[in-house]
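Next comes my_file03.csv, with CSV, C-alpha atoms.
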chain,number,residue,atom,x,y,z
J,10,MET,CA,0.0,0.0,0.0
J,11,SER,CA,1.2,3.5,-0.7
J,12,GLU,CA,1.5,5.9,2.2
J,13,GLU,CA,-0.1,8.6,0.2
J,14,GLN,CA,-3.3,6.7,-0.3
J,15,GLN,CA,-6.4,7.6,1.7
J,16,TRP,CA,-8.6,4.7,2.7
J,17,PHE,CA,-12.3,4.3,3.7
J,18,TYR,CA,-13.7,1.3,5.6
J,19,THR,CA,-17.1,0.2,7.0
J,20,ASP,CA,-18.1,-1.1,10.4
J,21,SER,CA,-20.5,-4.0,11.3
J,22,THR,CA,-23.6,-1.8,10.7
J,23,GLY,CA,-22.4,-0.8,7.3
J,24,ALA,CA,-21.6,2.8,8.3
J,25,GLU,CA,-18.6,4.3,6.5
J,26,HIS,CA,-15.5,5.7,8.2
J,27,GLY,CA,-12.4,7.6,6.9
J,28,PRO,CA,-10.4,8.7,5.2
J,29,VAL,CA,-7.4,7.2,7.0
J,30,SER,CA,-3.9,6.7,5.9
J,31,ALA,CA,-2.4,3.3,4.9
J,32,ASP,CA,-0.6,3.2,8.3
J,33,GLU,CA,-3.8,3.9,10.2
J,34,LEU,CA,-5.6,1.3,8.2
J,35,GLN,CA,-2.9,-1.3,9.2
J,36,GLN,CA,-3.1,-0.3,12.8
J,37,LEU,CA,-6.9,-0.8,12.7
J,38,GLY,CA,-6.3,-4.3,11.3
J,39,ALA,CA,-3.6,-5.0,14.0
J,40,THR,CA,-5.9,-4.0,16.8
J,41,GLY,CA,-8.9,-6.0,15.4
J,42,ALA,CA,-11.0,-2.8,14.8
J,43,ILE,CA,-11.3,-4.2,11.2
J,44,HIS,CA,-11.1,-7.8,10.1
J,45,ALA,CA,-10.7,-9.8,7.0
J,46,LEU,CA,-14.3,-9.3,5.9
J,47,THR,CA,-14.4,-5.6,6.5
J,48,ASP,CA,-15.1,-3.7,3.3
J,49,VAL,CA,-12.4,-1.1,2.4
J,50,TRP,CA,-12.0,1.3,-0.5
J,51,THR,CA,-9.5,3.7,-1.9
J,52,GLU,CA,-9.2,5.7,-5.1
J,53,GLY,CA,-8.4,3.4,-8.0
J,54,LEU,CA,-10.7,0.5,-6.8
J,55,GLU,CA,-13.9,0.1,-8.9
J,56,ALA,CA,-15.7,-1.4,-5.9
J,57,TRP,CA,-15.4,-2.0,-2.2
J,58,VAL,CA,-13.3,-5.1,-1.4
J,59,PRO,CA,-12.7,-7.2,1.8
J,60,ALA,CA,-9.7,-6.1,3.8
J,61,SER,CA,-8.2,-9.5,3.3
J,62,GLU,CA,-7.6,-8.7,-0.4
J,63,ILE,CA,-5.4,-5.8,0.5
J,64,GLU,CA,-1.9,-7.0,1.4
J,65,GLY,CA,-0.6,-5.7,4.7
J,66,VAL,CA,-3.9,-4.6,6.2
J,67,ILE,CA,-4.8,-7.8,8.2
J,68,PRO,CA,-1.8,-9.3,10.0
J,69,GLU,CA,-1.0,-12.9,9.3
J,70,ALA,CA,-2.4,-15.2,11.9
J,71,PRO,CA,0.2,-17.0,14.2
J,72,PRO,CA,0.8,-20.7,13.4
J,73,GLN,CA,-1.5,-21.9,16.2
J,74,ALA,CA,-4.3,-19.8,14.9
J,75,ALA,CA,-3.7,-20.6,11.3
J,76,ALA,CA,-5.0,-24.2,11.8
J,77,SER,CA,-8.3,-23.0,13.0
J,78,ALA,CA,-8.8,-20.2,10.5
J,79,PRO,CA,-10.8,-21.1,7.4
J,80,PRO,CA,-8.6,-21.7,4.4
J,81,GLU,CA,-8.4,-18.8,2.0
J,82,PRO,CA,-9.5,-19.7,-1.5
J,83,ALA,CA,-6.4,-20.5,-3.6
J,84,HIS,CA,-7.7,-18.7,-6.6
J,85,GLN,CA,-8.3,-15.4,-4.7
J,86,PRO,CA,-5.4,-13.0,-5.7
J,87,HIS,CA,-3.8,-10.4,-3.4
J,88,ILE,CA,-3.8,-6.9,-4.6
J,89,ASN,CA,-0.5,-5.0,-4.1
J,90,LEU,CA,-0.9,-1.3,-4.6
J,91,GLY,CA,2.6,-0.4,-3.4
J,92,VAL,CA,5.2,1.4,-5.3
J,93,GLY,CA,6.6,-0.7,-8.0
J,94,SER,CA,3.7,-3.1,-8.2
J,95,GLY,CA,3.2,-2.3,-11.8
J,96,ILE,CA,-0.5,-1.5,-11.3
J,97,HIS,CA,-1.4,1.9,-12.8
J,98,LEU,CA,-4.4,3.7,-11.3
J,99,GLU,CA,-6.2,6.1,-13.5
J,100,SER,CA,-6.5,9.5,-12.0
J,101,SER,CA,-10.0,9.9,-13.5
J,102,ILE,CA,-11.4,7.5,-11.0
J,103,THR,CA,-13.2,9.5,-8.3
J,104,PRO,CA,-14.0,8.2,-4.8
J,105,ARG,CA,-17.6,7.4,-4.0
J,106,PRO,CA,-19.2,10.1,-1.9
J,107,MET,CA,-19.6,9.5,1.8
J,108,GLY,CA,-23.1,8.1,2.7
J,109,GLN,CA,-23.6,6.2,-0.5
J,110,PRO,CA,-24.4,2.5,0.2
J,111,ALA,CA,-21.6,0.2,0.0
J,112,ALA,CA,-21.5,-1.7,-3.3
J,113,THR,CA,-21.6,-5.4,-3.6
J,114,PRO,CA,-18.6,-7.3,-5.1
J,115,TYR,CA,-20.3,-7.1,-8.4
J,116,GLY,CA,-20.7,-3.4,-8.3
J,117,THR,CA,-24.5,-3.3,-7.6
J,118,THR,CA,-26.1,-1.7,-4.6
J,119,ALA,CA,-27.5,-4.2,-2.0
J,120,LYS,CA,-31.3,-4.1,-1.8
J,121,SER,CA,-32.9,-3.4,1.5
J,122,PRO,CA,-35.4,-5.9,3.0
J,123,ALA,CA,-37.7,-3.0,3.8
J,124,LYS,CA,-38.4,-2.5,0.1
J,125,TRP,CA,-39.7,-6.0,-0.2
J,126,ILE,CA,-41.9,-5.6,2.9
J,127,VAL,CA,-43.5,-2.4,1.4
J,128,LEU,CA,-44.1,-4.2,-2.0
J,129,ALA,CA,-45.7,-7.2,-0.1
J,130,ILE,CA,-48.1,-4.8,1.8
J,131,ILE,CA,-49.1,-3.1,-1.4
J,132,ALA,CA,-49.8,-6.4,-3.1
J,133,LEU,CA,-51.9,-7.6,-0.2
J,134,LEU,CA,-53.9,-4.3,-0.3
J,135,ALA,CA,-54.5,-4.7,-4.0
J,136,ILE,CA,-55.7,-8.3,-3.4
J,137,GLY,CA,-58.1,-7.1,-0.6
J,138,LEU,CA,-59.6,-4.4,-2.8
J,139,GLY,CA,-60.1,-6.8,-5.6
J,140,ILE,CA,-62.0,-9.2,-3.3
J,141,TYR,CA,-64.1,-6.3,-1.9
J,142,PHE,CA,-65.2,-5.0,-5.3
J,143,ALA,CA,-65.9,-8.6,-6.4
J,144,LEU,CA,-68.2,-9.2,-3.5
J,145,SER,CA,-69.9,-5.8,-3.7
J,146,SER,CA,-70.8,-6.5,-7.3
J,147,SER,CA,-71.8,-10.1,-6.8
J,148,GLY,CA,-75.4,-9.4,-7.9
J,149,GLU,CA,-77.0,-9.1,-4.4
J,150,PRO,CA,-80.1,-6.9,-4.9
J,151,LYS,CA,-80.0,-3.4,-3.4
J,152,PRO,CA,-82.8,-2.6,-0.8
J,153,GLU,CA,-84.4,-0.1,-3.2
J,154,GLU,CA,-84.7,-2.9,-5.8
J,155,THR,CA,-86.7,-5.1,-3.4
J,156,PRO,CA,-90.4,-5.2,-4.3
J,157,GLY,CA,-92.4,-3.1,-1.8
J,158,PHE,CA,-89.4,-1.3,-0.3
J,159,MET,CA,-90.2,2.1,-1.8
J,160,GLU,CA,-93.8,1.9,-0.7
J,161,TYR,CA,-92.8,0.8,2.8
J,162,SER,CA,-90.3,3.6,3.0
J,163,LYS,CA,-93.0,6.2,2.3
J,164,ALA,CA,-95.2,4.8,5.1
J,165,ASN,CA,-92.3,4.6,7.5
J,166,ASN,CA,-91.2,8.2,6.8
J,167,LEU,CA,-94.8,9.3,7.4
J,168,ILE,CA,-94.7,7.7,10.8
J,169,ASN,CA,-91.4,9.4,11.7
J,170,LYS,CA,-92.4,12.9,10.5
J,171,LYS,CA,-96.0,13.1,11.8
J,172,LYS,CA,-94.9,13.8,15.4
J,173,ASN,CA,-98.1,15.4,16.6
J,174,VAL,CA,-100.5,12.9,14.8
J,175,ASP,CA,-101.1,9.5,16.4
J,176,ILE,CA,-103.7,8.2,13.9
J,177,LEU,CA,-102.4,7.6,10.3
J,178,GLY,CA,-103.6,5.6,7.3
J,179,ASN,CA,-103.3,5.3,3.6
J,180,ASN,CA,-107.1,5.8,3.0
J,181,THR,CA,-110.4,6.1,4.7
J,182,ASP,CA,-110.4,2.4,5.8
J,183,GLY,CA,-106.9,2.7,7.0
J,184,LEU,CA,-107.6,5.7,9.2
J,185,ALA,CA,-110.8,4.0,10.6
J,186,ILE,CA,-108.8,0.9,11.5
J,187,SER,CA,-106.0,2.9,13.2
J,188,LYS,CA,-108.6,4.9,15.2
J,189,ALA,CA,-110.3,1.7,16.4
J,190,PHE,CA,-107.0,0.1,17.3
J,191,ALA,CA,-105.8,3.1,19.3
J,192,ALA,CA,-109.0,3.3,21.2
J,193,GLY,CA,-108.8,-0.4,22.1
J,194,ILE,CA,-105.1,-0.5,23.1
J,195,LYS,CA,-105.4,2.6,25.4
J,196,THR,CA,-108.0,0.7,27.5
J,197,HIS,CA,-105.8,-2.4,27.7
J,198,ASN,CA,-104.5,-3.2,31.2
J,199,ASP,CA,-101.8,-5.8,31.5
J,200,PRO,CA,-100.0,-6.3,34.9
J,201,ALA,CA,-96.6,-7.0,33.3
J,202,ILE,CA,-96.8,-3.8,31.2
J,203,GLU,CA,-98.0,-1.7,34.1
J,204,GLU,CA,-95.4,-3.0,36.4
J,205,SER,CA,-92.6,-2.2,33.9
J,206,PHE,CA,-93.9,1.2,32.8
J,207,PRO,CA,-97.1,2.5,34.5
J,208,GLY,CA,-99.5,4.4,32.2
J,209,LEU,CA,-97.7,3.5,29.0
J,210,LEU,CA,-100.9,2.5,27.2
J,211,GLY,CA,-103.2,4.9,29.1
J,212,LYS,CA,-105.1,7.9,27.6
J,213,ASP,CA,-102.0,10.1,27.5
J,214,GLY,CA,-99.6,7.3,26.5
J,215,GLU,CA,-97.4,7.7,23.4
J,216,VAL,CA,-98.8,5.2,21.0
J,217,ARG,CA,-98.8,6.0,17.2
J,218,THR,CA,-100.7,3.8,14.7
J,219,TYR,CA,-100.4,3.6,10.9
J,220,THR,CA,-102.6,1.3,8.8
J,221,MET,CA,-102.4,0.4,5.2
J,222,ALA,CA,-105.6,-1.2,4.0
J,223,LYS,CA,-105.7,-2.4,0.3
J,224,THR,CA,-107.7,-4.7,-1.9
J,225,GLU,CA,-106.1,-6.3,-5.0
J,226,GLY,CA,-108.8,-8.3,-6.7
J,227,GLU,CA,-110.0,-10.9,-4.2
J,228,LEU,CA,-106.9,-10.4,-2.0
J,229,LYS,CA,-107.2,-8.1,1.0
J,230,THR,CA,-104.2,-6.9,3.0
J,231,THR,CA,-104.1,-4.9,6.2
J,232,ILE,CA,-100.7,-3.7,7.6
J,233,ILE,CA,-100.8,-2.1,11.0
J,234,ILE,CA,-97.6,-0.5,12.4
J,235,VAL,CA,-97.7,0.4,16.0
J,236,GLN,CA,-95.1,2.8,17.4
J,237,VAL,CA,-94.4,2.8,21.1
J,238,LEU,CA,-91.7,5.3,21.7
J,239,LYS,CA,-90.7,4.0,25.1
J,240,LEU,CA,-90.7,0.4,24.1
J,241,LYS,CA,-87.0,-0.2,25.0
J,242,LEU,CA,-87.8,0.8,28.6
J,243,LEU,CA,-90.0,-2.2,29.1
J,244,SER,CA,-88.7,-5.5,30.5
J,245,ALA,CA,-88.5,-8.5,28.2
J,246,LYS,CA,-91.6,-10.0,29.8
J,247,ALA,CA,-93.5,-6.7,29.3
J,248,GLN,CA,-92.4,-6.4,25.7
J,249,ALA,CA,-93.7,-9.9,25.0
J,250,ALA,CA,-97.1,-9.1,26.7
J,251,LEU,CA,-97.3,-5.9,24.6
J,252,ALA,CA,-96.8,-7.7,21.3
J,253,ASP,CA,-99.6,-10.2,22.2
J,254,SER,CA,-101.9,-7.2,23.1
J,255,VAL,CA,-101.1,-5.4,19.9
J,256,TRP,CA,-102.0,-8.5,17.8
J,257,LEU,CA,-105.2,-9.0,19.8
J,258,HIS,CA,-106.4,-5.3,19.3
J,259,ALA,CA,-105.4,-5.3,15.7
J,260,LYS,CA,-107.8,-8.2,15.0
J,261,SER,CA,-110.5,-6.4,16.9
J,262,ALA,CA,-109.9,-3.2,14.9
J,263,LEU,CA,-110.9,-5.0,11.7
J,264,ALA,CA,-114.4,-5.8,13.0
J,265,HIS,CA,-117.2,-4.1,11.0
J,266,THR,CA,-114.8,-3.3,8.1
J,267,PRO,CA,-114.3,-5.0,4.7
J,268,TYR,CA,-111.1,-6.5,6.2
J,269,GLN,CA,-112.6,-8.7,8.9
J,270,ASP,CA,-112.6,-11.6,6.4
J,271,PRO,CA,-110.6,-14.5,7.8
J,272,LYS,CA,-108.8,-14.7,4.4
J,273,THR,CA,-107.4,-11.2,4.8
J,274,ARG,CA,-103.6,-11.0,5.2
J,275,LEU,CA,-103.0,-9.3,8.5
J,276,VAL,CA,-99.5,-7.9,9.2
J,277,VAL,CA,-98.8,-6.2,12.6
J,278,ALA,CA,-95.5,-4.6,13.4
J,279,LEU,CA,-94.3,-3.2,16.8
J,280,ARG,CA,-91.6,-0.7,16.8
J,281,ASP,CA,-90.0,2.1,18.9
J,282,ALA,CA,-88.6,5.4,17.7
J,283,GLU,CA,-85.9,3.8,15.5
J,284,THR,CA,-86.2,0.0,15.1
J,285,TYR,CA,-88.7,-2.8,14.7
J,286,ALA,CA,-89.0,-5.2,17.7
J,287,LYS,CA,-91.5,-7.7,16.2
J,288,VAL,CA,-93.4,-8.4,13.0
J,289,MET,CA,-96.4,-10.8,13.2
J,290,ILE,CA,-98.1,-12.2,10.1
J,291,GLY,CA,-101.3,-14.2,9.8
J,292,HIS,CA,-105.1,-13.7,9.5
J,293,PRO,CA,-107.8,-12.0,11.7
J,294,VAL,CA,-109.3,-15.3,12.9
J,295,ALA,CA,-110.8,-16.2,16.2
J,296,SER,CA,-110.0,-19.5,17.9
J,297,ASP,CA,-112.3,-22.5,17.2
J,298,THR,CA,-112.1,-23.4,20.9
J,299,THR,CA,-114.0,-21.8,23.8
J,300,GLU,CA,-110.7,-20.6,25.2
J,301,GLN,CA,-109.4,-17.9,22.9
J,302,LYS,CA,-105.8,-16.8,22.9
J,303,ALA,CA,-104.5,-13.3,22.0
J,304,THR,CA,-102.1,-14.9,19.5
J,305,ASP,CA,-104.7,-16.9,17.6
J,306,GLY,CA,-104.2,-16.3,13.9
J,307,ILE,CA,-100.5,-15.7,13.9
J,308,ILE,CA,-98.8,-17.9,11.3
J,309,GLU,CA,-95.2,-16.5,11.5
J,310,SER,CA,-93.4,-14.1,13.8
J,311,HIS,CA,-90.1,-12.3,13.3
J,312,SER,CA,-87.9,-10.2,15.6
J,313,GLY,CA,-84.4,-8.8,15.4
J,314,ASP,CA,-82.6,-7.4,12.3
J,315,GLU,CA,-84.8,-9.4,9.9
J,316,ALA,CA,-88.1,-8.1,11.2
J,317,GLU,CA,-88.3,-4.9,9.2
J,318,THR,CA,-87.5,-6.6,5.9
J,319,ARG,CA,-90.4,-9.0,6.3
J,320,LEU,CA,-92.8,-6.0,5.8
J,321,TYR,CA,-91.6,-5.2,2.3
J,322,PRO,CA,-93.5,-7.8,0.3
J,323,TYR,CA,-96.9,-6.8,1.8
J,324,PHE,CA,-96.4,-3.2,0.7
J,325,ALA,CA,-95.6,-4.2,-2.9
J,326,ARG,CA,-98.1,-3.2,-5.6
J,327,PRO,CA,-99.5,-5.8,-7.9
J,328,LYS,CA,-97.3,-6.4,-10.9
J,329,LYS,CA,-100.0,-5.1,-13.3
J,330,ASP,CA,-99.8,-1.7,-11.6
J,331,GLN,CA,-96.0,-1.5,-11.6
Spit out the file's structure as structure tokens when you get a sec.
Amino acid sequence: MSEEQQWFYTDSTGAEHGPVSADELQQLGATGAIHALTDVWTEGLEAWVPASEIEGVIPEAPPQAAASAPPEPAHQPHINLGVGSGIHLESSITPRPMGQPAATPYGTTAKSPAKWIVLAIIALLAIGLGIYFALSSSGEPKPEETPGFMEYSKANNLINKKKNVDILGNNTDGLAISKAFAAGIKTHNDPAIEESFPGLLGKDGEVRTYTMAKTEGELKTTIIIVQVLKLKLLSAKAQAALADSVWLHAKSALAHTPYQDPKTRLVVALRDAETYAKVMIGHPVASDTTEQKATDGIIESHSGDEAETRLYPYFARPKKDQ
């Protein structure tokens, strides 16, 4: 090595140090600060090379240590850059600026694992978005495309907006049925309901009723929606008793109307200010036995998230009118 040469070297983290003189580089090798695999570079080298390839940098191991040291490849030449070595270094070669990543033996920059992690995350996001759009366009019908949904929405909005009106209906028959139902339910007295919320169904109780009464050929349909604003305040037992009472008074409200026919489709829904608690579907029939039950005539009953959607088909108009 020439004493005029300035050397750079890296540590175990890849950080660069230097410049140091040839003597200082040899001292670092003698003290173990750099070792055979430490990358070093000086002007004239095309790439960083292991310190073991520079003659005089790493001291020769003593005989006892030489046996345990891994054999150096026979084909790996030593580079002698000293005076008289015969190697001519072009002055046009410029040193790599400090901070530039160390080059691999083949002259290419080593790729960081972080780059591959970022690419993997981007690929996963792309796959996730693809799955989402595939599922969202899988052909599942939208609510507004469901028969009866638009007609139901108009009725439901009417119930929500008419804050000061408790009797609602789609026509004269609907209004008459709502009025008869409200008069009957306000006189109903059930111990479970009174215990849970005294006066809920009394004269000043907050019970709003909407009725859709329609005839399509020989088919008659009556839909009664009962809104009890404080429904959630009732116990589970009181809510069950209220649902039975609502069905019982809905059947009674059809008396003396064209819809008291046992073949009439009767749909009764119980809701609070926001959600539907129960939807009962059946016919306004009385029991054939001497012991009548409030729930006589119910064919199916629904509660929970699916309750509201069960109303849509009964609001649907006949296909010939659509």
Practice item. Excluding Ile43 in chain J and any residue of its chain fewer than 4 positions from it, enumerate the residues within 12 Å of it, using all atoms listed in the file, and give them as an NGL selection string. Key: :J and (17-21 or 26 or 33-39 or 47-49 or 59-61 or 66-68)
Practice item. For CA of Lys241 in chain J and CA of Glu317 in chain J, determine how far apart the two atoms are, in Å to one decimal place. Key: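 Spanning CA of Lys241 in chain J to CA of Glu317 in chain J is a straight-line distance of 16.5 Å.
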Check your understanding: From the set J:Ala129, J:Ile232, J:Leu134, J:Val237, which residue has the shortest atom-to-atom contact distance to Ala164 in chain J, counting only C-alpha atoms?
Key ->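 That would be J:Ile232, the residue with the smallest distance to Ala164 in chain J.
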Review point. Need the neighbours of (-110.3, 4.1, 2.9): which residues are at most 12 Å away, counting all atoms listed in the file, as an NGL selection string?
Key: :J and (177-187 or 220-224 or 231 or 266-268)
Serialized selection, C-alpha atoms, as a CSV table (one decimal), keeping the file's coordinate frame:
chain,number,residue,atom,x,y,z
J,177,LEU,CA,-102.4,7.6,10.3
J,178,GLY,CA,-103.6,5.6,7.3
J,179,ASN,CA,-103.3,5.3,3.6
J,180,ASN,CA,-107.1,5.8,3.0
J,181,THR,CA,-110.4,6.1,4.7
J,182,ASP,CA,-110.4,2.4,5.8
J,183,GLY,CA,-106.9,2.7,7.0
J,184,LEU,CA,-107.6,5.7,9.2
J,185,ALA,CA,-110.8,4.0,10.6
J,186,ILE,CA,-108.8,0.9,11.5
J,187,SER,CA,-106.0,2.9,13.2
J,220,THR,CA,-102.6,1.3,8.8
J,221,MET,CA,-102.4,0.4,5.2
J,222,ALA,CA,-105.6,-1.2,4.0
J,223,LYS,CA,-105.7,-2.4,0.3
J,224,THR,CA,-107.7,-4.7,-1.9
J,231,THR,CA,-104.1,-4.9,6.2
J,266,THR,CA,-114.8,-3.3,8.1
J,267,PRO,CA,-114.3,-5.0,4.7
J,268,TYR,CA,-111.1,-6.5,6.2
Would you list the contacts of Thr284 in chain J as a short mmCIF file (atom, residue, chain, number, x, y, z; two decimals) with C-alpha atoms, keeping the file's coordinate frame, taking every protein, DNA or RNA residue within 12 Å and counting only C-alpha atoms, but skipping same-chain residues closer than 4 positions in sequence?
data_model
loop_
_atom_site.label_atom_id
_atom_site.label_comp_id
_atom_site.auth_asym_id
_atom_site.auth_seq_id
_atom_site.Cartn_x
_atom_site.Cartn_y
_atom_site.Cartn_z
CA ASN J 165 -92.30 4.60 7.50
CA ASN J 169 -91.40 9.40 11.70
CA ILE J 234 -97.60 -0.50 12.40
CA VAL J 235 -97.70 0.40 16.00
CA GLN J 236 -95.10 2.80 17.40
CA VAL J 237 -94.40 2.80 21.10
CA LEU J 238 -91.70 5.30 21.70
CA LYS J 239 -90.70 4.00 25.10
CA LEU J 240 -90.70 0.40 24.10
CA LYS J 241 -87.00 -0.20 25.00
CA ALA J 278 -95.50 -4.60 13.40
CA LEU J 279 -94.30 -3.20 16.80
CA ARG J 280 -91.60 -0.70 16.80
CA VAL J 288 -93.40 -8.40 13.00
CA SER J 312 -87.90 -10.20 15.60
CA GLY J 313 -84.40 -8.80 15.40
CA ASP J 314 -82.60 -7.40 12.30
CA GLU J 315 -84.80 -9.40 9.90
CA ALA J 316 -88.10 -8.10 11.20
CA GLU J 317 -88.30 -4.90 9.20
CA THR J 318 -87.50 -6.60 5.90
#
**Study point:** Separation of CA of His265 in chain J from CA of Asp253 in chain J in Å
**Key:**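 Here the two named atoms are 21.7 Å from each other.
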**Study point:** Selected residue, from J:Asn198, J:Asn173, J:Thr22, J:Gln14, that lies nearest to Glu215 in chain J when counting all atoms listed in the file
**Key:** J:Asn173
When you look at Ala259 in chain J with a cut-off of 8 Å (counting all atoms listed in the file), what residues show up, excluding the ones that are within fewer than 6 positions of it in the same chain? I need them as a compact mmCIF listing (two decimals) with C-alpha atoms, in the frame of the given file.
# COMPACT_ATOMS: atom_id res chain seq x y z
CA PHE J 190 -107.00 0.10 17.30
CA ILE J 233 -100.80 -2.10 11.00
CA VAL J 277 -98.80 -6.20 12.60
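Between CA of Glu69 in chain J and CA of Ala56 in chain J the interatomic distance comes to 24.1 Å.
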Practice item. Would you be able to write out as number ranges by chain which residues have an atom within 10 Å of (-103.4, -8.9, 17.4) in the file's coordinates, counting all atoms listed in the file? Key: J: 190, 233, 251-262, 275-278, 289-294, 302-307
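For Phe158 in chain J, the residues within 8 Å (counting only C-alpha atoms, excluding itself and residues fewer than 6 positions away along the chain) are Pro152, Tyr321, Pro322, Phe324 and Ala325 of chain J.
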Any idea what's packed within 7 Å of Trp16 in chain J, counting only C-alpha atoms, ignoring anything in its chain fewer than 2 positions away? Could you give it as a PDB file with C-alpha atoms, keeping the file's coordinate frame?
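This went into result_37.pdb:
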ATOM      1  CA  GLN J  14      -3.300   6.700  -0.300  1.00  0.00           C
ATOM      2  CA  TYR J  18     -13.700   1.300   5.600  1.00  0.00           C
ATOM      3  CA  GLY J  27     -12.400   7.600   6.900  1.00  0.00           C
ATOM      4  CA  PRO J  28     -10.400   8.700   5.200  1.00  0.00           C
ATOM      5  CA  VAL J  29      -7.400   7.200   7.000  1.00  0.00           C
ATOM      6  CA  SER J  30      -3.900   6.700   5.900  1.00  0.00           C
ATOM      7  CA  ALA J  31      -2.400   3.300   4.900  1.00  0.00           C
ATOM      8  CA  VAL J  49     -12.400  -1.100   2.400  1.00  0.00           C
ATOM      9  CA  TRP J  50     -12.000   1.300  -0.500  1.00  0.00           C
ATOM     10  CA  THR J  51      -9.500   3.700  -1.900  1.00  0.00           C
TER      11      THR J  51
END
